[in-house]
$ cat data-v1.txt   # compact mmCIF, C-alpha atoms
# COMPACT_ATOMS: atom_id res chain seq x y z
CA MET D 122 98.12 60.86 87.88
CA ILE D 123 99.91 63.96 89.07
CA ALA D 124 97.50 66.60 90.31
CA ILE D 125 98.27 70.18 89.40
CA ALA D 126 96.76 72.61 91.85
CA GLY D 127 97.24 76.20 92.86
CA HIS D 128 98.86 77.17 96.10
CA GLY D 129 96.42 79.79 97.29
CA GLY D 130 93.60 77.57 98.61
CA THR D 131 90.05 78.81 98.21
CA ALA D 132 90.68 82.50 98.95
CA PRO D 133 92.01 84.76 96.18
CA PRO D 134 95.53 86.12 96.76
CA PRO D 135 95.60 89.38 98.77
CA PHE D 136 96.66 91.33 95.67
CA LEU D 137 93.53 90.30 93.77
CA GLN D 138 91.33 91.10 96.75
CA LEU D 139 92.96 94.51 97.07
CA ALA D 140 93.07 95.46 93.38
CA GLY D 141 89.76 93.82 92.47
CA HIS D 142 87.64 96.51 94.12
CA PRO D 143 86.18 98.59 91.26
CA LEU D 144 87.19 101.98 92.67
CA ARG D 145 90.66 100.82 93.66
CA TRP D 146 91.12 99.36 90.19
CA ARG D 147 90.11 102.71 88.71
CA LEU D 148 92.68 104.47 90.90
CA LEU D 149 95.38 101.98 89.90
CA SER D 150 94.49 102.49 86.23
CA GLU D 151 94.80 106.27 86.53
CA LEU D 152 98.09 106.05 88.44
CA ALA D 153 99.48 103.64 85.85
CA ARG D 154 99.26 106.54 83.38
CA SER D 155 100.58 109.37 85.54
CA ASP D 156 101.26 110.42 89.14
CA ARG D 157 98.23 112.26 90.47
CA ARG D 158 97.11 114.49 93.31
CA VAL D 159 94.09 113.50 95.40
CA GLY D 160 91.96 116.26 93.89
CA GLU D 161 92.72 115.04 90.39
CA LEU D 162 91.80 111.47 91.31
CA CYS D 163 88.53 112.70 92.85
CA GLU D 164 87.69 114.52 89.64
CA LEU D 165 88.66 111.61 87.39
CA ALA D 166 86.76 109.03 89.44
CA GLY D 167 83.84 111.30 90.30
CA ARG D 168 84.00 110.44 94.00
CA ARG D 169 84.37 112.47 97.19
CA GLN D 170 87.80 113.03 98.71
CA SER D 171 87.18 111.05 101.90
CA LEU D 172 86.38 107.93 99.87
CA ILE D 173 89.34 108.36 97.53
CA SER D 174 91.69 108.92 100.47
CA TYR D 175 90.42 105.77 102.19
CA HIS D 176 91.10 103.58 99.16
CA LEU D 177 94.47 105.22 98.52
CA ARG D 178 95.41 104.36 102.08
CA ARG D 179 94.43 100.73 101.44
CA LEU D 180 96.61 100.68 98.32
CA ARG D 181 99.50 102.25 100.24
CA ASP D 182 99.17 99.69 103.01
CA GLY D 183 99.30 96.99 100.33
CA GLY D 184 102.57 98.35 98.97
CA LEU D 185 101.12 99.24 95.57
CA VAL D 186 101.06 103.03 95.88
CA SER D 187 103.42 105.57 97.43
CA MET D 188 103.00 109.25 98.21
CA ARG D 189 105.29 112.29 98.07
CA ARG D 190 104.80 115.88 99.11
CA SER D 191 104.55 118.21 96.14
CA ALA D 192 107.67 120.30 95.55
CA ALA D 193 105.43 123.00 94.08
CA ASP D 194 102.99 123.13 97.00
CA GLY D 195 103.99 121.38 100.22
CA ARG D 196 100.34 121.22 101.27
CA ASP D 197 99.60 118.89 98.37
CA THR D 198 100.61 115.28 97.77
CA TYR D 199 101.33 113.21 94.68
CA TYR D 200 100.51 109.50 94.53
CA ALA D 201 102.50 107.08 92.37
CA LEU D 202 101.97 103.45 91.39
CA ASP D 203 104.79 100.93 91.90
CA LEU D 204 104.53 99.07 88.59
CA GLY D 205 107.41 96.76 89.47
CA ARG D 206 105.62 95.61 92.62
CA CYS D 207 102.38 95.14 90.68
CA GLU D 208 104.24 92.99 88.17
CA GLU D 209 105.62 90.77 90.94
CA LEU D 210 102.24 90.38 92.64
CA LEU D 211 100.42 89.62 89.38
CA SER D 212 102.96 86.89 88.64
CA SER D 213 102.53 85.46 92.12
CA ALA D 214 98.73 85.57 91.79
CA GLY D 215 98.89 83.66 88.51
CA ALA D 216 101.18 81.02 89.98
CA SER D 217 98.81 80.52 92.92
CA LEU D 218 96.12 79.48 90.46
CA HIS D 219 98.32 77.34 88.20
CA PRO D 220 102.11 77.08 87.94
CA ALA D 221 101.97 77.59 84.17
CA LEU D 222 100.50 81.06 84.77
CA ALA D 223 103.59 82.34 86.53
CA ALA D 224 104.89 85.16 84.38
CA THR D 225 108.46 84.91 83.18
CA ALA D 226 110.79 87.88 83.51
CA ARG D 227 110.33 90.37 80.71
CA PRO D 228 113.39 91.09 78.58
CA ARG D 229 115.10 94.31 79.68
CA ALA D 230 117.32 96.63 77.68
CA ARG D 231 117.65 94.19 74.78
CA ARG D 232 115.25 95.75 72.32
CA ALA D 233 116.19 95.65 68.66
CA ARG D 234 116.99 98.98 67.03
CA ARG D 235 114.24 100.16 64.72
CA ALA D 236 113.24 103.35 62.98
CA SER D 237 112.16 105.95 65.52
CA ARG D 238 108.41 105.93 65.88
CA ALA D 239 107.87 107.94 69.05
CA ARG D 240 109.24 111.26 70.31
CA VAL D 241 109.42 111.93 74.04
CA LEU D 242 110.19 115.22 75.79
CA PHE D 243 111.30 115.06 79.44
CA LEU D 244 110.97 118.23 81.51
CA CYS D 245 112.23 119.37 84.89
CA THR D 246 113.14 122.76 86.33
CA GLY D 247 116.89 122.92 85.75
CA ASN D 248 117.39 120.29 83.04
CA SER D 249 120.50 119.45 85.03
CA THR D 250 119.73 116.03 86.51
CA ARG D 251 116.36 114.29 86.29
CA SER D 252 115.44 115.10 82.71
CA GLN D 253 119.03 114.63 81.51
CA ILE D 254 119.14 111.17 83.10
CA ALA D 255 115.71 110.32 81.69
CA GLU D 256 116.68 111.38 78.16
CA ALA D 257 119.84 109.24 78.25
CA LEU D 258 118.13 106.20 79.75
CA CYS D 259 115.23 106.35 77.29
CA GLU D 260 117.61 106.35 74.33
CA GLN D 261 119.63 103.48 75.78
CA LEU D 262 116.80 101.26 77.02
CA SER D 263 114.78 101.63 73.81
CA GLY D 264 117.76 100.71 71.66
CA GLY D 265 117.11 103.87 69.66
CA ALA D 266 113.45 103.05 69.03
CA VAL D 267 112.41 106.17 70.93
CA SER D 268 113.73 109.66 70.19
CA ALA D 269 114.13 111.44 73.53
CA VAL D 270 115.07 115.02 74.35
CA SER D 271 114.95 117.07 77.55
CA ALA D 272 114.58 120.67 78.69
CA GLY D 273 113.91 122.84 81.73
CA SER D 274 112.00 125.94 82.74
CA HIS D 275 115.11 127.43 84.39
CA PRO D 276 118.11 125.63 82.85
CA ARG D 277 121.39 125.29 84.69
CA SER D 278 124.52 123.27 83.92
CA VAL D 279 124.42 119.49 84.03
CA HIS D 280 125.19 118.30 87.56
CA PRO D 281 128.47 116.38 88.02
CA ASN D 282 126.69 113.61 89.91
CA ALA D 283 124.27 113.13 87.02
CA VAL D 284 127.27 112.64 84.75
CA ARG D 285 128.78 110.24 87.27
CA VAL D 286 125.76 107.96 87.73
CA MET D 287 125.22 107.79 83.98
CA ARG D 288 128.87 106.95 83.39
CA GLU D 289 128.42 104.02 85.79
CA ARG D 290 125.67 102.83 83.45
CA GLY D 291 127.88 103.12 80.40
CA ILE D 292 126.39 106.43 79.19
CA ASP D 293 128.41 109.61 78.72
CA ILE D 294 126.37 112.80 79.17
CA SER D 295 129.34 115.01 80.00
CA ARG D 296 128.90 116.92 76.73
CA HIS D 297 125.16 117.44 77.15
CA ARG D 298 123.94 121.00 77.48
CA SER D 299 120.90 122.24 79.34
CA ARG D 300 118.11 123.66 77.20
CA HIS D 301 115.12 125.88 77.86
CA LEU D 302 111.75 124.31 77.14
CA GLY D 303 111.08 127.28 74.84
CA GLU D 304 113.48 125.70 72.34
CA PHE D 305 110.88 123.02 71.69
CA THR D 306 107.80 125.23 71.47
CA GLY D 307 105.88 124.34 68.35
CA GLN D 308 107.49 120.92 67.97
CA ARG D 309 105.42 117.75 67.98
CA PHE D 310 105.91 115.00 70.54
CA ASP D 311 104.06 111.80 71.27
CA TYR D 312 104.71 112.07 75.00
CA VAL D 313 105.59 115.04 77.21
CA ILE D 314 106.71 113.85 80.64
CA SER D 315 107.22 116.29 83.51
CA LEU D 316 109.53 115.04 86.25
CA CYS D 317 109.20 118.06 88.50
CA ASP D 318 106.07 119.31 90.29
CA ARG D 319 107.03 122.92 89.59
CA VAL D 320 107.59 122.53 85.86
CA ARG D 321 104.27 120.73 85.55
CA GLU D 322 102.56 123.94 86.60
CA VAL D 323 104.20 125.95 83.79
CA CYS D 324 104.34 123.35 81.03
CA PRO D 325 103.22 124.95 77.75
CA GLU D 326 100.86 123.35 75.27
CA PHE D 327 102.42 121.40 72.41
CA PRO D 328 100.82 120.83 69.01
CA GLY D 329 99.33 117.48 68.08
CA GLY D 330 97.94 116.64 71.50
CA PRO D 331 100.80 114.60 73.01
CA GLU D 332 100.08 112.36 75.97
CA LEU D 333 100.92 114.33 79.11
CA ILE D 334 102.47 112.29 81.90
CA HIS D 335 103.73 113.43 85.30
CA TRP D 336 106.28 111.62 87.45
CA SER D 337 106.75 113.38 90.79
CA ILE D 338 110.46 112.77 91.39
CA PRO D 339 112.42 114.81 93.98
CA ASP D 340 115.46 116.77 92.85
CA PRO D 341 118.51 114.94 94.28
CA SER D 342 120.62 118.09 93.98
CA ARG D 343 118.54 119.63 96.78
CA GLU D 344 119.76 117.02 99.26
CA PRO D 345 122.07 118.58 101.88
CA GLY D 346 125.78 117.88 101.81
CA SER D 347 128.64 117.67 99.34
CA ASP D 348 128.47 116.04 95.92
CA GLU D 349 129.86 112.88 97.51
CA ASP D 350 127.24 112.96 100.26
CA THR D 351 124.37 113.34 97.80
CA LEU D 352 125.55 110.70 95.30
CA PRO D 353 123.23 107.99 96.74
CA ALA D 354 120.25 110.29 96.08
CA PHE D 355 121.32 110.60 92.44
CA GLU D 356 121.66 106.83 92.19
CA ARG D 357 118.15 106.36 93.59
CA THR D 358 116.82 108.88 91.08
CA ALA D 359 118.49 107.05 88.18
CA ALA D 360 117.17 103.71 89.42
CA GLU D 361 113.59 104.99 89.72
CA LEU D 362 113.73 106.61 86.30
CA GLY D 363 115.15 103.43 84.80
CA THR D 364 112.23 101.39 86.12
CA ARG D 365 109.59 103.89 85.02
CA ILE D 366 111.13 104.33 81.57
CA ASP D 367 111.35 100.58 81.05
CA PHE D 368 107.59 100.31 81.56
CA LEU D 369 107.03 103.38 79.39
CA ILE D 370 108.97 101.83 76.50
CA ASP D 371 107.00 98.61 76.80
CA ALA D 372 103.78 100.64 76.61
CA ILE D 373 105.05 102.57 73.58
CA GLU D 374 106.06 99.38 71.79
CA GLN D 375 102.68 97.81 72.57
CA THR D 376 100.95 100.89 71.14
CA ILE D 377 103.08 100.68 67.99
CA THR D 378 102.36 96.97 67.57
CA THR D 379 98.63 97.47 68.03
CA SER D 380 98.67 100.32 65.52
CA GLU D 381 100.52 98.20 62.96
CA VAL D 382 98.05 95.33 63.37
CA THR D 383 95.12 97.73 62.92
CA GLU D 384 96.66 99.27 59.80
CA HIS D 385 97.14 95.87 58.18
CA ALA D 386 93.81 94.41 59.26
$ encode --input "data-v1.txt" --output "structure tokens"
Amino acid sequence: MIAIAGHGGTAPPPFLQLAGHPLRWRLLSELARSDRRVGELCELAGRRQSLISYHLRRLRDGGLVSMRRSAADGRDTYYALDLGRCEELLSSAGASLHPALAATARPRARRARRASRARVLFLCTGNSTRSQIAEALCEQLSGGAVSAVSAGSHPRSVHPNAVRVMRERGIDISRHRSRHLGEFTGQRFDYVISLCDRVREVCPEFPGGPELIHWSIPDPSREPGSDEDTLPAFERTAAELGTRIDFLIDAIEQTITTSEVTEHA
């Protein structure tokens, strides 16, 4: 007989010990939906700031959560969840219990084209880099299943480096134009995603109650140096947006599937 046993011994994997705490799990759940400031997490969890800060520090030490200074108010900080890292650690935790529980890699960027079911609006200040990249990646990675548009509170021309990093991914945005968010006032969206701390503060209300999501992503065009010097910052921005959007599309597709099952039940 061949014995099949886990590899973790009697103690749960560190990830499960870290994430299994009820308050830390609540924080992870909130950050899985949107980047948040400490004050927002305190309000959502109904706990004092010192306690929330302690558990956020534990999650940061565990590599699950990162923090960035707010571009709108440098005295404030946004916390973000690393979903990719969580995916890796969950897979490892499953394998430590039984090899058959090791998750296989999810299919990426191979989704079948289907009728558009969800509309997403990406917002940043200039609509020159982050939201333009997000719009293009969302259309590409969803295979057309998601209708994405973008706008800014103070539009300026599309940045050459944004065009360049998208071209390297097989997407041409050279003909894109920047748009003011006022162009979309009154339109209905399923998701409104702010990519800039400043634009989050001035985001108008949209009809239909779309899900509001915030991703606190620095503007790579503010990096010092020439366009050539700042290109790596643009590449990092595109990579981070690609990861976040991939998880967003999976969540949208899961929501659609659940809705279809409910309708036909």
$ residues_around --input "data-v1.txt" --residues "Arg277 in chain D" --least-positions-apart "4" --cutoff "8 Å" --atoms "all atoms listed in the file" --output "compact mmCIF listing (two decimals) with C-alpha atoms, in the coordinates of the input"
# COMPACT_ATOMS: atom_id res chain seq x y z
CA GLY D 247 116.89 122.92 85.75
CA ASN D 248 117.39 120.29 83.04
CA SER D 249 120.50 119.45 85.03
CA SER D 299 120.90 122.24 79.34
$ atom_distance --input "data-v1.txt" --atom1 "CA of Glu349 in chain D" --atom2 "CA of Ala283 in chain D"
11.9 Å
$ closest_residue --input "data-v1.txt" --among "D:Ile173, D:Ala223, D:Leu185, D:Ala359" --to "Thr250 in chain D" --atoms "only C-alpha atoms"
D:Ala359
$ closest_atom_pairs --input "data-v1.txt" --of "range 283-313 of chain D" --to "range 255-266 of chain D" --cutoff "12 Å" --atoms "all atoms listed in the file" --output "tab-separated table"
residue	atom	partner	partner_atom	distance
D:Ala283	CA	D:Ala255	CA	10.5
D:Val284	CA	D:Ala257	CA	10.4
D:Val286	CA	D:Leu258	CA	11.2
D:Met287	CA	D:Ala257	CA	8.0
D:Arg288	CA	D:Ala257	CA	10.6
D:Arg290	CA	D:Leu258	CA	9.0
D:Gly291	CA	D:Gln261	CA	9.5
D:Ile292	CA	D:Ala257	CA	7.2
D:Asp293	CA	D:Ala257	CA	8.6
D:Ile294	CA	D:Ala257	CA	7.5
D:Ser295	CA	D:Ala257	CA	11.3
D:Arg296	CA	D:Ala257	CA	12.0
D:His297	CA	D:Ala257	CA	9.8
D:Ser299	CA	D:Glu256	CA	11.7
D:Val313	CA	D:Glu256	CA	11.7
$ residues_around --input "data-v1.txt" --residues "range 155-166 of chain D" --least-positions-apart "4" --cutoff "6 Å" --atoms "only C-alpha atoms" --output "list in words"
Gln170, Thr198, Tyr199, Tyr200, Ala201, Ile334, His335 and Trp336 of chain D
$ build_atoms --input "data-v1.txt" --residues "range 304-325 of chain D" --atoms "N, CA and C atoms" --output "mmCIF file, keeping the file's coordinate frame"
data_model
loop_
_atom_site.group_PDB
_atom_site.id
_atom_site.type_symbol
_atom_site.label_atom_id
_atom_site.label_comp_id
_atom_site.auth_asym_id
_atom_site.auth_seq_id
_atom_site.Cartn_x
_atom_site.Cartn_y
_atom_site.Cartn_z
ATOM 1 N N GLU D 304 112.850 126.164 73.571
ATOM 2 C CA GLU D 304 113.480 125.700 72.340
ATOM 3 C C GLU D 304 112.620 124.690 71.590
ATOM 4 N N PHE D 305 111.686 124.078 72.305
ATOM 5 C CA PHE D 305 110.880 123.020 71.690
ATOM 6 C C PHE D 305 109.436 123.454 71.439
ATOM 7 N N THR D 306 109.147 124.726 71.719
ATOM 8 C CA THR D 306 107.800 125.230 71.470
ATOM 9 C C THR D 306 107.454 125.088 69.992
ATOM 10 N N GLY D 307 106.314 124.528 69.729
ATOM 11 C CA GLY D 307 105.880 124.340 68.350
ATOM 12 C C GLY D 307 106.256 122.992 67.771
ATOM 13 N N GLN D 308 107.129 122.247 68.448
ATOM 14 C CA GLN D 308 107.490 120.920 67.970
ATOM 15 C C GLN D 308 106.451 119.888 68.414
ATOM 16 N N ARG D 309 106.377 118.814 67.670
ATOM 17 C CA ARG D 309 105.420 117.750 67.980
ATOM 18 C C ARG D 309 106.108 116.612 68.713
ATOM 19 N N PHE D 310 105.432 116.143 69.769
ATOM 20 C CA PHE D 310 105.910 115.000 70.540
ATOM 21 C C PHE D 310 104.743 114.042 70.760
ATOM 22 N N ASP D 311 105.085 112.779 70.932
ATOM 23 C CA ASP D 311 104.060 111.800 71.270
ATOM 24 C C ASP D 311 103.783 111.787 72.770
ATOM 25 N N TYR D 312 104.831 112.059 73.542
ATOM 26 C CA TYR D 312 104.710 112.070 75.000
ATOM 27 C C TYR D 312 105.512 113.262 75.541
ATOM 28 N N VAL D 313 104.898 113.984 76.474
ATOM 29 C CA VAL D 313 105.590 115.040 77.210
ATOM 30 C C VAL D 313 105.503 114.642 78.682
ATOM 31 N N ILE D 314 106.670 114.393 79.286
ATOM 32 C CA ILE D 314 106.710 113.850 80.640
ATOM 33 C C ILE D 314 107.394 114.855 81.571
ATOM 34 N N SER D 315 106.652 115.377 82.518
ATOM 35 C CA SER D 315 107.220 116.290 83.510
ATOM 36 C C SER D 315 107.706 115.468 84.702
ATOM 37 N N LEU D 316 108.911 115.774 85.153
ATOM 38 C CA LEU D 316 109.530 115.040 86.250
ATOM 39 C C LEU D 316 109.603 115.891 87.515
ATOM 40 N N CYS D 317 109.095 117.086 87.420
ATOM 41 C CA CYS D 317 109.200 118.060 88.500
ATOM 42 C C CYS D 317 107.824 118.681 88.726
ATOM 43 N N ASP D 318 107.398 118.763 89.988
ATOM 44 C CA ASP D 318 106.070 119.310 90.290
ATOM 45 C C ASP D 318 105.968 120.767 89.860
ATOM 46 N N ARG D 319 107.068 121.513 89.963
ATOM 47 C CA ARG D 319 107.030 122.920 89.590
ATOM 48 C C ARG D 319 106.881 123.107 88.082
ATOM 49 N N VAL D 320 107.643 122.342 87.307
ATOM 50 C CA VAL D 320 107.590 122.530 85.860
ATOM 51 C C VAL D 320 106.243 122.063 85.307
ATOM 52 N N ARG D 321 105.591 121.158 85.995
ATOM 53 C CA ARG D 321 104.270 120.730 85.550
ATOM 54 C C ARG D 321 103.292 121.899 85.525
ATOM 55 N N GLU D 322 103.468 122.800 86.483
ATOM 56 C CA GLU D 322 102.560 123.940 86.600
ATOM 57 C C GLU D 322 102.756 124.964 85.482
ATOM 58 N N VAL D 323 103.913 124.945 84.824
ATOM 59 C CA VAL D 323 104.200 125.950 83.790
ATOM 60 C C VAL D 323 104.414 125.317 82.422
ATOM 61 N N CYS D 324 104.115 124.047 82.297
ATOM 62 C CA CYS D 324 104.340 123.350 81.030
ATOM 63 C C CYS D 324 103.444 123.939 79.938
ATOM 64 N N PRO D 325 104.027 124.370 78.827
ATOM 65 C CA PRO D 325 103.220 124.950 77.750
ATOM 66 C C PRO D 325 102.473 123.864 76.971
#
